[in-house]
>>> print(open('input_38.tsv').read())   # TSV, C-alpha atoms
chain	number	residue	atom	x	y	z
A	245	MET	CA	119.03	-133.18	-86.54
A	246	ALA	CA	116.57	-131.56	-84.15
A	247	MET	CA	113.62	-129.78	-85.74
A	248	THR	CA	112.36	-126.44	-84.46
A	249	GLY	CA	108.98	-127.95	-83.60
A	250	ASP	CA	110.39	-130.86	-81.56
A	251	LEU	CA	109.58	-130.85	-77.85
A	252	PHE	CA	112.49	-132.26	-75.88
A	253	ASP	CA	112.17	-133.75	-72.44
A	254	VAL	CA	115.35	-131.91	-71.39
A	255	CYS	CA	117.73	-129.48	-73.08
A	256	VAL	CA	121.23	-129.44	-71.57
A	257	VAL	CA	123.14	-126.19	-72.17
A	258	GLY	CA	126.88	-126.84	-72.14
A	259	ALA	CA	128.47	-130.11	-73.30
A	260	GLY	CA	131.48	-130.09	-71.00
A	261	VAL	CA	131.97	-133.13	-68.82
A	262	GLU	CA	129.20	-132.19	-66.34
A	263	GLY	CA	126.61	-131.49	-69.02
A	264	SER	CA	127.62	-134.50	-71.10
A	265	SER	CA	127.45	-136.75	-68.05
A	266	ALA	CA	123.94	-135.51	-67.19
A	267	ALA	CA	122.80	-135.80	-70.81
A	268	ARG	CA	124.15	-139.35	-71.01
A	269	TYR	CA	122.24	-140.35	-67.86
A	270	LEU	CA	119.02	-138.85	-69.17
A	271	ALA	CA	119.33	-140.43	-72.62
A	272	SER	CA	120.12	-143.83	-71.08
A	273	TRP	CA	116.76	-143.61	-69.30
A	274	GLY	CA	114.96	-143.21	-72.62
A	275	LYS	CA	114.44	-139.45	-72.49
A	276	ASN	CA	114.44	-137.23	-75.58
A	277	ILE	CA	117.47	-135.01	-74.90
A	278	LEU	CA	119.07	-132.08	-76.72
A	279	LEU	CA	122.68	-131.23	-75.78
A	280	LEU	CA	123.95	-127.83	-76.93
A	281	GLU	CA	127.61	-126.75	-76.98
A	282	GLN	CA	128.91	-123.38	-78.18
A	283	ALA	CA	132.37	-124.73	-79.07
A	284	ARG	CA	133.22	-127.25	-81.74
A	285	ARG	CA	133.50	-130.82	-80.45
A	286	GLN	CA	137.18	-131.16	-81.32
A	287	HIS	CA	137.97	-128.09	-79.19
A	288	VAL	CA	138.98	-130.21	-76.20
A	289	THR	CA	142.26	-130.17	-74.32
A	290	ASN	CA	144.34	-132.96	-75.78
A	291	MET	CA	146.25	-133.96	-72.69
A	292	LYS	CA	144.48	-133.08	-69.47
A	293	TYR	CA	144.47	-135.44	-66.53
A	294	GLU	CA	142.73	-135.31	-63.17
A	295	ASN	CA	143.45	-137.42	-60.14
A	296	GLN	CA	140.66	-138.93	-58.11
A	297	THR	CA	141.67	-138.19	-54.53
A	298	LYS	CA	143.88	-135.36	-53.38
A	299	HIS	CA	144.36	-132.88	-50.58
A	300	SER	CA	142.57	-130.12	-52.50
A	301	LEU	CA	139.29	-131.87	-51.67
A	302	PRO	CA	139.08	-131.29	-47.90
A	303	PRO	CA	135.28	-130.94	-47.54
A	304	LYS	CA	133.85	-134.26	-46.40
A	305	ILE	CA	130.88	-133.81	-48.73
A	306	LEU	CA	133.29	-134.20	-51.68
A	307	LEU	CA	135.56	-136.82	-50.14
A	308	SER	CA	132.64	-139.09	-49.33
A	309	LEU	CA	131.80	-139.27	-53.04
A	310	VAL	CA	135.26	-140.35	-54.20
A	311	PRO	CA	134.81	-144.16	-53.92
A	312	CYS	CA	131.56	-143.88	-55.90
A	313	ILE	CA	133.27	-141.77	-58.54
A	314	ILE	CA	136.12	-144.21	-59.10
A	315	ASN	CA	133.63	-147.05	-59.54
A	316	HIS	CA	131.69	-144.96	-62.08
A	317	TRP	CA	134.81	-144.23	-64.13
A	318	LEU	CA	135.90	-147.87	-64.04
A	319	LYS	CA	132.49	-148.90	-65.38
A	320	SER	CA	132.67	-146.22	-68.09
A	321	ARG	CA	136.11	-147.46	-69.12
A	322	LYS	CA	134.64	-150.84	-70.07
A	323	LYS	CA	132.52	-149.06	-72.68
A	324	MET	CA	135.47	-147.19	-74.19
A	325	ARG	CA	137.75	-148.47	-76.89
A	326	ASP	CA	139.78	-151.40	-75.60
A	327	HIS	CA	142.67	-150.86	-77.99
A	328	ASP	CA	143.43	-147.37	-76.68
A	329	LEU	CA	145.87	-147.57	-73.75
A	330	LEU	CA	144.78	-144.18	-72.48
A	331	SER	CA	141.02	-144.70	-72.51
A	332	GLY	CA	139.25	-143.08	-69.60
A	333	PHE	CA	140.26	-143.82	-66.05
A	334	ARG	CA	143.53	-145.58	-65.20
A	335	ARG	CA	144.20	-146.65	-61.62
A	336	CYS	CA	147.92	-145.94	-61.24
A	337	GLY	CA	148.33	-144.35	-57.83
A	338	LEU	CA	148.79	-140.81	-56.53
A	339	LEU	CA	151.85	-139.56	-54.68
A	340	THR	CA	151.67	-136.31	-52.69
A	341	ILE	CA	155.02	-134.77	-51.67
A	342	ASP	CA	155.40	-132.30	-48.82
A	343	GLU	CA	158.08	-130.67	-46.69
A	344	PRO	CA	158.15	-129.64	-43.00
A	345	PRO	CA	155.86	-128.98	-41.19
A	346	TYR	CA	153.95	-131.47	-43.42
A	347	ASP	CA	150.54	-129.78	-43.06
A	348	ASP	CA	149.37	-130.88	-46.52
A	349	LEU	CA	150.63	-134.41	-45.97
A	350	SER	CA	148.76	-134.75	-42.68
A	351	ARG	CA	145.57	-133.48	-44.34
A	352	VAL	CA	145.91	-135.95	-47.20
A	353	ILE	CA	146.43	-138.93	-44.91
A	354	THR	CA	143.53	-137.93	-42.65
A	355	ASN	CA	141.16	-137.33	-45.58
A	356	VAL	CA	141.99	-140.47	-47.51
A	357	ARG	CA	141.97	-142.83	-44.55
A	358	GLY	CA	138.82	-141.11	-43.30
A	359	VAL	CA	136.88	-142.44	-46.29
A	360	GLY	CA	138.29	-145.93	-45.83
A	361	GLN	CA	140.94	-145.79	-48.57
A	362	GLU	CA	144.53	-146.97	-48.34
A	363	CYS	CA	147.21	-144.29	-47.90
A	364	LEU	CA	150.88	-145.08	-47.28
A	365	GLN	CA	153.18	-142.59	-45.56
A	366	LEU	CA	156.68	-142.72	-47.07
A	367	THR	CA	159.97	-141.00	-46.31
A	368	GLY	CA	161.94	-139.24	-49.02
A	369	ASP	CA	164.44	-142.09	-49.16
A	370	GLU	CA	161.64	-144.66	-49.46
A	371	ILE	CA	160.11	-142.69	-52.34
A	372	ASN	CA	163.45	-142.45	-54.16
A	373	LYS	CA	163.83	-146.22	-53.94
A	374	ARG	CA	160.25	-146.97	-54.94
A	375	PHE	CA	160.22	-144.45	-57.81
A	376	PRO	CA	163.84	-144.14	-59.00
A	377	GLY	CA	162.95	-141.43	-61.51
A	378	LEU	CA	162.23	-139.00	-58.66
A	379	ASN	CA	164.67	-137.03	-56.53
A	380	LEU	CA	163.52	-136.12	-53.00
A	381	SER	CA	165.55	-134.75	-50.13
A	382	SER	CA	165.72	-136.57	-46.80
A	383	SER	CA	163.53	-133.89	-45.19
A	384	GLU	CA	160.66	-134.44	-47.64
A	385	CYS	CA	157.93	-137.05	-47.15
A	386	GLY	CA	155.07	-138.39	-49.19
A	387	ALA	CA	151.64	-140.00	-49.04
A	388	PHE	CA	150.90	-142.66	-51.66
A	389	GLU	CA	147.31	-143.61	-52.59
A	390	PRO	CA	147.51	-146.82	-54.64
A	391	ARG	CA	143.82	-146.81	-55.61
A	392	SER	CA	143.79	-143.32	-57.15
A	393	GLY	CA	144.45	-142.71	-60.81
A	394	LEU	CA	144.22	-140.64	-63.97
A	395	ILE	CA	141.48	-139.60	-66.35
A	396	GLN	CA	142.39	-138.49	-69.86
A	397	ALA	CA	139.89	-135.71	-70.38
A	398	ASP	CA	139.52	-135.72	-74.15
A	399	LEU	CA	138.90	-139.47	-74.41
A	400	ALA	CA	136.60	-139.54	-71.39
A	401	LEU	CA	134.50	-136.63	-72.69
A	402	LYS	CA	134.39	-138.13	-76.17
A	403	ALA	CA	133.21	-141.45	-74.72
A	404	LEU	CA	130.42	-139.76	-72.73
A	405	GLN	CA	129.21	-137.88	-75.80
A	406	GLU	CA	129.37	-140.93	-78.05
A	407	GLN	CA	127.39	-142.95	-75.51
A	408	PHE	CA	124.85	-140.11	-75.31
A	409	VAL	CA	124.32	-140.22	-79.08
A	410	GLU	CA	124.16	-144.04	-79.05
A	411	PHE	CA	121.34	-143.78	-76.50
A	412	GLY	CA	119.39	-141.60	-78.96
A	413	GLY	CA	120.43	-138.13	-77.77
A	414	THR	CA	120.84	-135.13	-80.09
A	415	LEU	CA	124.14	-133.22	-79.86
A	416	HIS	CA	124.66	-129.85	-81.55
A	417	ASP	CA	128.09	-128.22	-81.33
A	418	ALA	CA	129.16	-124.74	-82.46
A	419	GLU	CA	125.73	-123.50	-81.37
A	420	LYS	CA	125.64	-120.75	-78.76
A	421	VAL	CA	122.58	-120.22	-76.56
A	422	LEU	CA	121.45	-116.61	-76.77
A	423	ASP	CA	118.28	-116.64	-74.68
A	424	ILE	CA	116.15	-118.92	-72.52
A	425	GLN	CA	112.48	-118.08	-72.04
A	426	PRO	CA	111.10	-119.92	-68.98
A	427	GLY	CA	107.64	-121.45	-68.71
A	428	SER	CA	105.93	-124.81	-68.56
A	429	VAL	CA	107.52	-125.23	-71.99
A	430	ILE	CA	110.91	-123.53	-72.14
A	431	ASN	CA	112.00	-121.78	-75.34
A	432	ILE	CA	115.72	-121.83	-76.12
A	433	LYS	CA	117.12	-119.51	-78.77
A	434	THR	CA	120.57	-120.09	-80.24
A	435	ASN	CA	122.63	-118.43	-82.94
A	436	LYS	CA	121.30	-121.04	-85.38
A	437	ASN	CA	117.84	-122.14	-84.30
A	438	SER	CA	115.11	-122.16	-81.67
A	439	TYR	CA	114.05	-125.16	-79.57
A	440	ARG	CA	111.45	-126.15	-77.00
A	441	ALA	CA	111.96	-128.32	-73.94
A	442	LYS	CA	110.04	-129.31	-70.84
A	443	ARG	CA	113.13	-128.84	-68.67
A	444	VAL	CA	116.60	-127.32	-68.93
A	445	ILE	CA	119.95	-128.05	-67.27
A	446	ILE	CA	122.53	-125.23	-67.43
A	447	THR	CA	126.16	-126.40	-67.20
A	448	ALA	CA	127.90	-123.60	-69.05
A	449	GLY	CA	131.15	-123.43	-67.07
A	450	PRO	CA	132.74	-119.95	-67.00
A	451	TRP	CA	129.88	-118.73	-69.22
A	452	ALA	CA	127.20	-119.74	-66.67
A	453	ASN	CA	126.36	-116.21	-65.58
A	454	ASN	CA	125.94	-115.08	-69.20
A	455	VAL	CA	123.23	-117.72	-69.61
A	456	LEU	CA	121.70	-117.12	-66.17
A	457	ARG	CA	121.53	-113.33	-66.30
A	458	PRO	CA	118.23	-113.14	-68.26
A	459	LEU	CA	116.80	-115.64	-65.76
A	460	GLY	CA	117.50	-113.30	-62.83
A	461	ILE	CA	120.34	-115.34	-61.31
A	462	GLN	CA	123.98	-114.41	-60.84
A	463	ILE	CA	126.42	-116.70	-59.01
A	464	PRO	CA	129.55	-115.22	-57.39
A	465	LEU	CA	131.97	-116.96	-59.74
A	466	SER	CA	135.54	-115.99	-60.48
A	467	SER	CA	137.34	-117.44	-63.48
A	468	GLY	CA	140.99	-118.32	-63.73
A	469	GLN	CA	143.35	-119.63	-66.36
A	470	LEU	CA	145.98	-122.33	-65.80
A	471	PHE	CA	148.87	-123.19	-68.09
A	472	PRO	CA	149.76	-126.90	-68.32
A	473	LEU	CA	153.14	-127.69	-69.86
A	474	THR	CA	153.64	-130.94	-71.76
A	475	GLY	CA	157.11	-132.43	-72.23
A	476	ARG	CA	158.55	-134.55	-74.96
A	477	HIS	CA	157.89	-138.27	-75.18
A	478	CYS	CA	160.33	-139.64	-72.65
A	479	PRO	CA	160.73	-142.96	-70.80
A	480	PHE	CA	160.70	-142.96	-67.00
A	481	PRO	CA	162.29	-145.74	-64.94
A	482	PHE	CA	159.05	-146.27	-62.97
A	483	LYS	CA	157.63	-149.74	-62.64
A	484	SER	CA	154.18	-148.31	-63.32
A	485	ASP	CA	152.42	-145.07	-64.14
A	486	LEU	CA	152.18	-142.41	-61.45
A	487	THR	CA	150.36	-139.18	-60.66
A	488	LEU	CA	152.33	-136.70	-58.58
A	489	VAL	CA	151.23	-133.70	-56.51
A	490	ASP	CA	154.30	-131.74	-55.42
A	491	GLY	CA	153.75	-129.37	-52.50
A	492	SER	CA	157.39	-128.62	-51.69
A	493	THR	CA	158.63	-125.08	-52.16
A	494	GLY	CA	162.31	-125.77	-52.78
A	495	ARG	CA	164.17	-122.69	-53.99
A	496	LEU	CA	161.18	-121.26	-55.83
A	497	GLU	CA	158.08	-119.40	-54.74
A	498	ARG	CA	155.30	-121.70	-53.55
A	499	HIS	CA	152.76	-120.51	-56.11
A	500	THR	CA	155.00	-121.70	-58.96
A	501	THR	CA	155.95	-125.02	-57.43
A	502	ARG	CA	152.56	-126.33	-56.43
A	503	LEU	CA	152.39	-128.92	-59.16
A	504	SER	CA	149.92	-131.49	-60.29
A	505	SER	CA	152.34	-133.46	-62.42
A	506	CYS	CA	151.01	-136.38	-64.39
A	507	VAL	CA	153.88	-138.67	-65.25
A	508	LEU	CA	153.23	-141.69	-67.45
A	509	GLY	CA	155.93	-144.33	-67.28
A	510	ASN	CA	155.13	-147.50	-69.24
A	511	PRO	CA	154.93	-147.26	-72.19
A	512	PRO	CA	156.94	-144.01	-72.53
A	513	LEU	CA	154.36	-141.30	-73.11
A	514	LYS	CA	153.98	-137.60	-72.55
A	515	LYS	CA	154.56	-135.98	-69.19
A	516	CYS	CA	152.23	-133.13	-68.30
A	517	VAL	CA	152.99	-130.60	-65.58
A	518	CYS	CA	150.45	-128.07	-64.37
A	519	PRO	CA	151.49	-125.48	-61.75
A	520	HIS	CA	148.56	-124.64	-59.48
A	521	ALA	CA	148.83	-120.96	-60.20
A	522	GLY	CA	147.06	-118.99	-62.86
A	523	VAL	CA	145.71	-115.59	-63.80
A	524	SER	CA	142.27	-114.15	-63.25
A	525	ILE	CA	140.23	-113.49	-66.35
A	526	GLU	CA	137.26	-111.16	-66.65
A	527	ASP	CA	135.87	-112.56	-69.89
A	528	ALA	CA	136.21	-116.21	-70.86
A	529	ASP	CA	135.64	-115.28	-74.51
A	530	ASN	CA	138.70	-112.99	-74.48
A	531	ARG	CA	141.11	-115.16	-72.55
A	532	GLU	CA	143.73	-115.13	-75.32
A	533	GLY	CA	144.44	-111.40	-75.15
A	534	PRO	CA	147.94	-109.89	-75.40
A	535	SER	CA	148.54	-110.20	-71.63
A	536	ARG	CA	147.73	-113.92	-71.65
A	537	GLY	CA	149.95	-116.81	-72.48
A	538	PHE	CA	153.33	-117.99	-71.41
A	539	ASP	CA	155.90	-115.80	-69.81
A	540	GLN	CA	159.46	-117.07	-70.30
A	541	ASN	CA	160.15	-116.61	-66.58
A	542	TYR	CA	157.14	-118.82	-65.88
A	543	ILE	CA	158.46	-121.56	-68.17
A	544	ASP	CA	161.99	-121.25	-66.77
A	545	SER	CA	160.78	-121.54	-63.18
A	546	VAL	CA	158.84	-124.72	-63.94
A	547	ALA	CA	161.77	-126.12	-65.93
A	548	GLU	CA	164.05	-125.50	-62.93
A	549	LEU	CA	161.79	-127.54	-60.70
A	550	ILE	CA	161.49	-130.36	-63.28
A	551	LYS	CA	165.27	-130.49	-63.59
A	552	ALA	CA	165.64	-130.81	-59.81
A	553	ARG	CA	162.78	-133.24	-59.30
A	554	PHE	CA	163.32	-135.50	-62.35
A	555	PRO	CA	167.08	-135.83	-63.02
A	556	GLY	CA	167.88	-136.72	-66.60
A	557	VAL	CA	164.54	-135.57	-68.00
A	558	GLU	CA	164.41	-132.80	-70.59
A	559	PRO	CA	162.95	-129.91	-68.53
A	560	LYS	CA	161.82	-127.65	-71.38
A	561	PRO	CA	158.21	-128.14	-72.56
A	562	SER	CA	157.39	-129.03	-76.14
A	563	ILE	CA	153.73	-127.98	-75.82
A	564	THR	CA	152.20	-125.11	-73.84
A	565	GLU	CA	148.45	-124.97	-73.39
A	566	SER	CA	145.86	-123.15	-71.33
A	567	CYS	CA	142.62	-124.10	-69.61
A	568	ILE	CA	140.03	-122.10	-67.70
A	569	TYR	CA	138.04	-122.91	-64.60
A	570	SER	CA	135.39	-121.17	-62.47
A	571	VAL	CA	135.50	-120.93	-58.70
A	572	THR	CA	132.91	-120.13	-56.02
A	573	PRO	CA	133.91	-118.22	-52.86
A	574	ASP	CA	133.80	-121.42	-50.75
A	575	HIS	CA	135.19	-123.68	-53.52
A	576	LEU	CA	132.05	-125.85	-53.44
A	577	PHE	CA	129.83	-126.57	-56.41
A	578	VAL	CA	126.46	-125.05	-57.22
A	579	MET	CA	123.85	-127.72	-57.96
A	580	ASP	CA	120.31	-126.50	-57.47
A	581	ARG	CA	116.97	-125.76	-59.08
A	582	HIS	CA	116.17	-122.22	-60.13
A	583	PRO	CA	114.32	-120.62	-57.18
A	584	GLU	CA	111.41	-119.51	-59.39
A	585	TYR	CA	111.47	-121.87	-62.37
A	586	LYS	CA	111.60	-125.36	-60.94
A	587	ASN	CA	112.09	-126.97	-64.35
A	588	ILE	CA	115.47	-125.24	-64.74
A	589	VAL	CA	118.47	-126.79	-62.95
A	590	ILE	CA	121.88	-125.15	-62.53
A	591	GLY	CA	125.30	-126.82	-62.26
A	592	ALA	CA	128.21	-124.40	-61.96
A	593	GLY	CA	131.33	-123.34	-60.05
A	594	PHE	CA	133.09	-126.70	-59.95
A	595	SER	CA	136.24	-124.97	-58.69
A	596	GLY	CA	138.83	-127.23	-60.30
A	597	HIS	CA	137.30	-130.46	-58.95
A	598	GLY	CA	134.61	-130.95	-61.58
A	599	PHE	CA	136.07	-133.43	-64.04
A	600	LYS	CA	136.72	-136.20	-61.57
A	601	MET	CA	133.31	-135.68	-59.97
A	602	ALA	CA	131.37	-135.74	-63.25
A	603	PRO	CA	129.68	-139.16	-62.94
A	604	VAL	CA	128.05	-138.25	-59.62
A	605	VAL	CA	127.34	-134.66	-60.70
A	606	GLY	CA	125.58	-135.95	-63.82
A	607	LYS	CA	123.42	-138.28	-61.74
A	608	ILE	CA	122.52	-135.51	-59.27
A	609	LEU	CA	121.56	-133.03	-62.00
A	610	THR	CA	119.50	-135.74	-63.71
A	611	GLN	CA	117.57	-136.53	-60.53
A	612	MET	CA	117.02	-132.83	-59.85
A	613	VAL	CA	115.66	-132.00	-63.29
A	614	LEU	CA	113.32	-134.99	-63.29
A	615	GLY	CA	112.00	-134.09	-59.85
A	616	GLU	CA	113.25	-137.30	-58.27
A	617	LYS	CA	114.74	-137.77	-54.82
A	618	VAL	CA	118.46	-137.01	-55.02
A	619	SER	CA	120.68	-139.88	-53.91
A	620	TYR	CA	123.23	-137.62	-52.19
A	621	ASP	CA	123.27	-134.79	-49.69
A	622	VAL	CA	123.13	-131.67	-51.88
A	623	PHE	CA	122.40	-129.13	-49.14
A	624	PRO	CA	126.01	-127.79	-49.20
A	625	PHE	CA	125.61	-127.01	-52.92
A	626	ARG	CA	122.47	-124.85	-52.62
A	627	LEU	CA	122.31	-121.39	-54.23
A	628	SER	CA	120.99	-119.76	-51.06
A	629	ARG	CA	124.36	-120.06	-49.29
A	630	PHE	CA	125.32	-116.93	-51.20
A	631	ALA	CA	123.86	-113.57	-50.31
A	632	SER	CA	122.30	-112.58	-53.62
A	633	PRO	CA	120.83	-115.60	-55.40
A	634	LYS	CA	118.00	-117.55	-53.82
A	635	SER	CA	117.53	-121.27	-53.93
A	636	SER	CA	114.77	-123.87	-53.92
A	637	LEU	CA	116.59	-126.08	-51.39
>>> encode(input="input_38.tsv", output="structure tokens")
Amino acid sequence: MAMTGDLFDVCVVGAGVEGSSAARYLASWGKNILLLEQARRQHVTNMKYENQTKHSLPPKILLSLVPCIINHWLKSRKKMRDHDLLSGFRRCGLLTIDEPPYDDLSRVITNVRGVGQECLQLTGDEINKRFPGLNLSSSECGAFEPRSGLIQADLALKALQEQFVEFGGTLHDAEKVLDIQPGSVINIKTNKNSYRAKRVIITAGPWANNVLRPLGIQIPLSSGQLFPLTGRHCPFPFKSDLTLVDGSTGRLERHTTRLSSCVLGNPPLKKCVCPHAGVSIEDADNREGPSRGFDQNYIDSVAELIKARFPGVEPKPSITESCIYSVTPDHLFVMDRHPEYKNIVIGAGFSGHGFKMAPVVGKILTQMVLGEKVSYDVFPFRLSRFASPKSSL
């Protein structure tokens, strides 16, 4: 338990995957680190997956980091529990499906091959033969990335936090930061206590601007809410696990059929489907209002697509969940030092790409806050690219 009089080397505000990754790096280097999280630790999505390479990462600055990220997750997996089949990162392949004129498919193939990774172009008939649980028309095509895979978010985040504590870090959950007073020694006030630190990293997700406002910084962030649907435990006739991104429109509107569908085949486990469409939210604290949640038409439209794409699979979900994300206008991250207080570092606006990128993001934020040379090109992530906030880069 941290004492009020303790002076921490770094206080990390926000114990999501970015903050936990940075805190783990810092603690592994022997630093005295305090990690604060306003939610309780068990308040983590139970079944969220992210793929490692996909067409939603067109900027080369992100694509160039993907091989490094996969290696980081593979190394982290070795430190997770061996008996758990779902621990951390699983290399199982990613299949992107598209229809004429195949714009997304062309972008995927160009991006993936451009960073030296294998990407196979397959016809609809070839996909049906290779993955007999799928049903594609002859006009549809796909791009298969055999070296991509899945991350189970709750286990990966838990592993990062456990490693942080093992390295000597201090983790406080259910403790909301109310105020940060800058200076050579920074004072952090929470709803439970007050702390002092030489440096601070702010990784507060959709709450970032609430924390930054007293520090004179506001980032143009918009927040959205997605609704993943999880099906019943069901076997698939795949030879191996598979991640699927479905870009075909079919008979439905495109915004409801853009799927990131994580299908686990052997052993028979849950299938999780997440349409890439959500609702804007003004206040992340009030995201469960009466207008939020699951519309029956929404569920029916997704079930219709599941029935067509996966014949024989029960299309109705057994679990409906929600998750929130924050987006910048250009869909690139913010990773920068505060323009006035150089011992405060900001990581925000990860725009739906953050989880997979966490190992590299954590390293970058660590190097920034310690004043070291950053190992990657972070110029595209500077604050000054926006009109209002200034940046130190």
>>> atom_distance(input="input_38.tsv", atom1="CA of Ile430 in chain A", atom2="CA of Gly606 in chain A")
20.9 Å
>>> closest_residue(input="input_38.tsv", among="A:Asp621, A:Glu410, A:Asp529, A:Asp250", to="Gly449 in chain A", atoms="all atoms listed in the file")
A:Asp529
>>> residues_around(input="input_38.tsv", residues="range 569-580 of chain A", least_positions_apart="3", cutoff="7 Å", atoms="all atoms listed in the file", output="list in words")
Gly449, Pro450, Pro464, Leu465, Ser466, Ser467, Gly468, Gln469, Val589, Ile590, Gly591, Ala592, Gly593, Phe594, Ser595, Gly596, Phe625, Arg626, Leu627 and Ser635 of chain A
>>> closest_residue(input="input_38.tsv", among="A:Leu338, A:Asp544, A:Pro624, A:Ile568", to="Gly393 in chain A", atoms="only C-alpha atoms")
A:Leu338
>>> closest_residue(input="input_38.tsv", among="A:Ala403, A:Ile341, A:Glu584, A:Tyr542", to="Thr564 in chain A", atoms="all atoms listed in the file")
A:Tyr542
>>> residues_near_point(input="input_38.tsv", point="(123.3, -134.7, -69.7)", cutoff="8 Å", atoms="only C-alpha atoms", output="PyMOL selection string")
chain A and resi 256+259+262-271+277+279+408+445+606+610
>>> residues_around(input="input_38.tsv", residues="Gln407 in chain A", least_positions_apart="5", cutoff="9 Å", atoms="all atoms listed in the file", output="short mmCIF file (atom, residue, chain, number, x, y, z; two decimals) with C-alpha atoms, in the coordinates of the input")
data_model
loop_
_atom_site.label_atom_id
_atom_site.label_comp_id
_atom_site.auth_asym_id
_atom_site.auth_seq_id
_atom_site.Cartn_x
_atom_site.Cartn_y
_atom_site.Cartn_z
CA ARG A 268 124.15 -139.35 -71.01
CA ALA A 271 119.33 -140.43 -72.62
CA SER A 272 120.12 -143.83 -71.08
CA LYS A 323 132.52 -149.06 -72.68
CA LYS A 402 134.39 -138.13 -76.17
CA GLY A 412 119.39 -141.60 -78.96
CA GLY A 413 120.43 -138.13 -77.77
#
>>> closest_residue(input="input_38.tsv", among="A:Ile463, A:His316, A:Gly377, A:Val444", to="Val557 in chain A", atoms="all atoms listed in the file")
A:Gly377
>>> residues_around(input="input_38.tsv", residues="Arg440 in chain A", least_positions_apart="3", cutoff="12 Å", atoms="all atoms listed in the file", output="PyMOL selection string")
chain A and resi 246-256+276-278+423-434+437+443-444
>>> closest_residue(input="input_38.tsv", among="A:Gly615, A:Pro561, A:Ala528, A:Leu349", to="Ile543 in chain A", atoms="all atoms listed in the file")
A:Pro561
>>> closest_residue(input="input_38.tsv", among="A:Val421, A:Leu380, A:Ile313, A:Ile371", to="Glu281 in chain A", atoms="all atoms listed in the file")
A:Val421
>>> atom_distance(input="input_38.tsv", atom1="CA of Thr340 in chain A", atom2="CA of Leu404 in chain A")
29.4 Å
>>> atom_distance(input="input_38.tsv", atom1="CA of Thr367 in chain A", atom2="CA of Asn355 in chain A")
19.2 Å
>>> residues_near_point(input="input_38.tsv", point="(135.0, -136.3, -74.1)", cutoff="10 Å", atoms="only C-alpha atoms", output="list in words")
Ala259, Gly260, Val261, Ser264, Ser265, Arg285, Gln286, Val288, Thr289, Gly332, Gln396, Ala397, Asp398, Leu399, Ala400, Leu401, Lys402, Ala403, Leu404, Gln405 and Glu406 of chain A
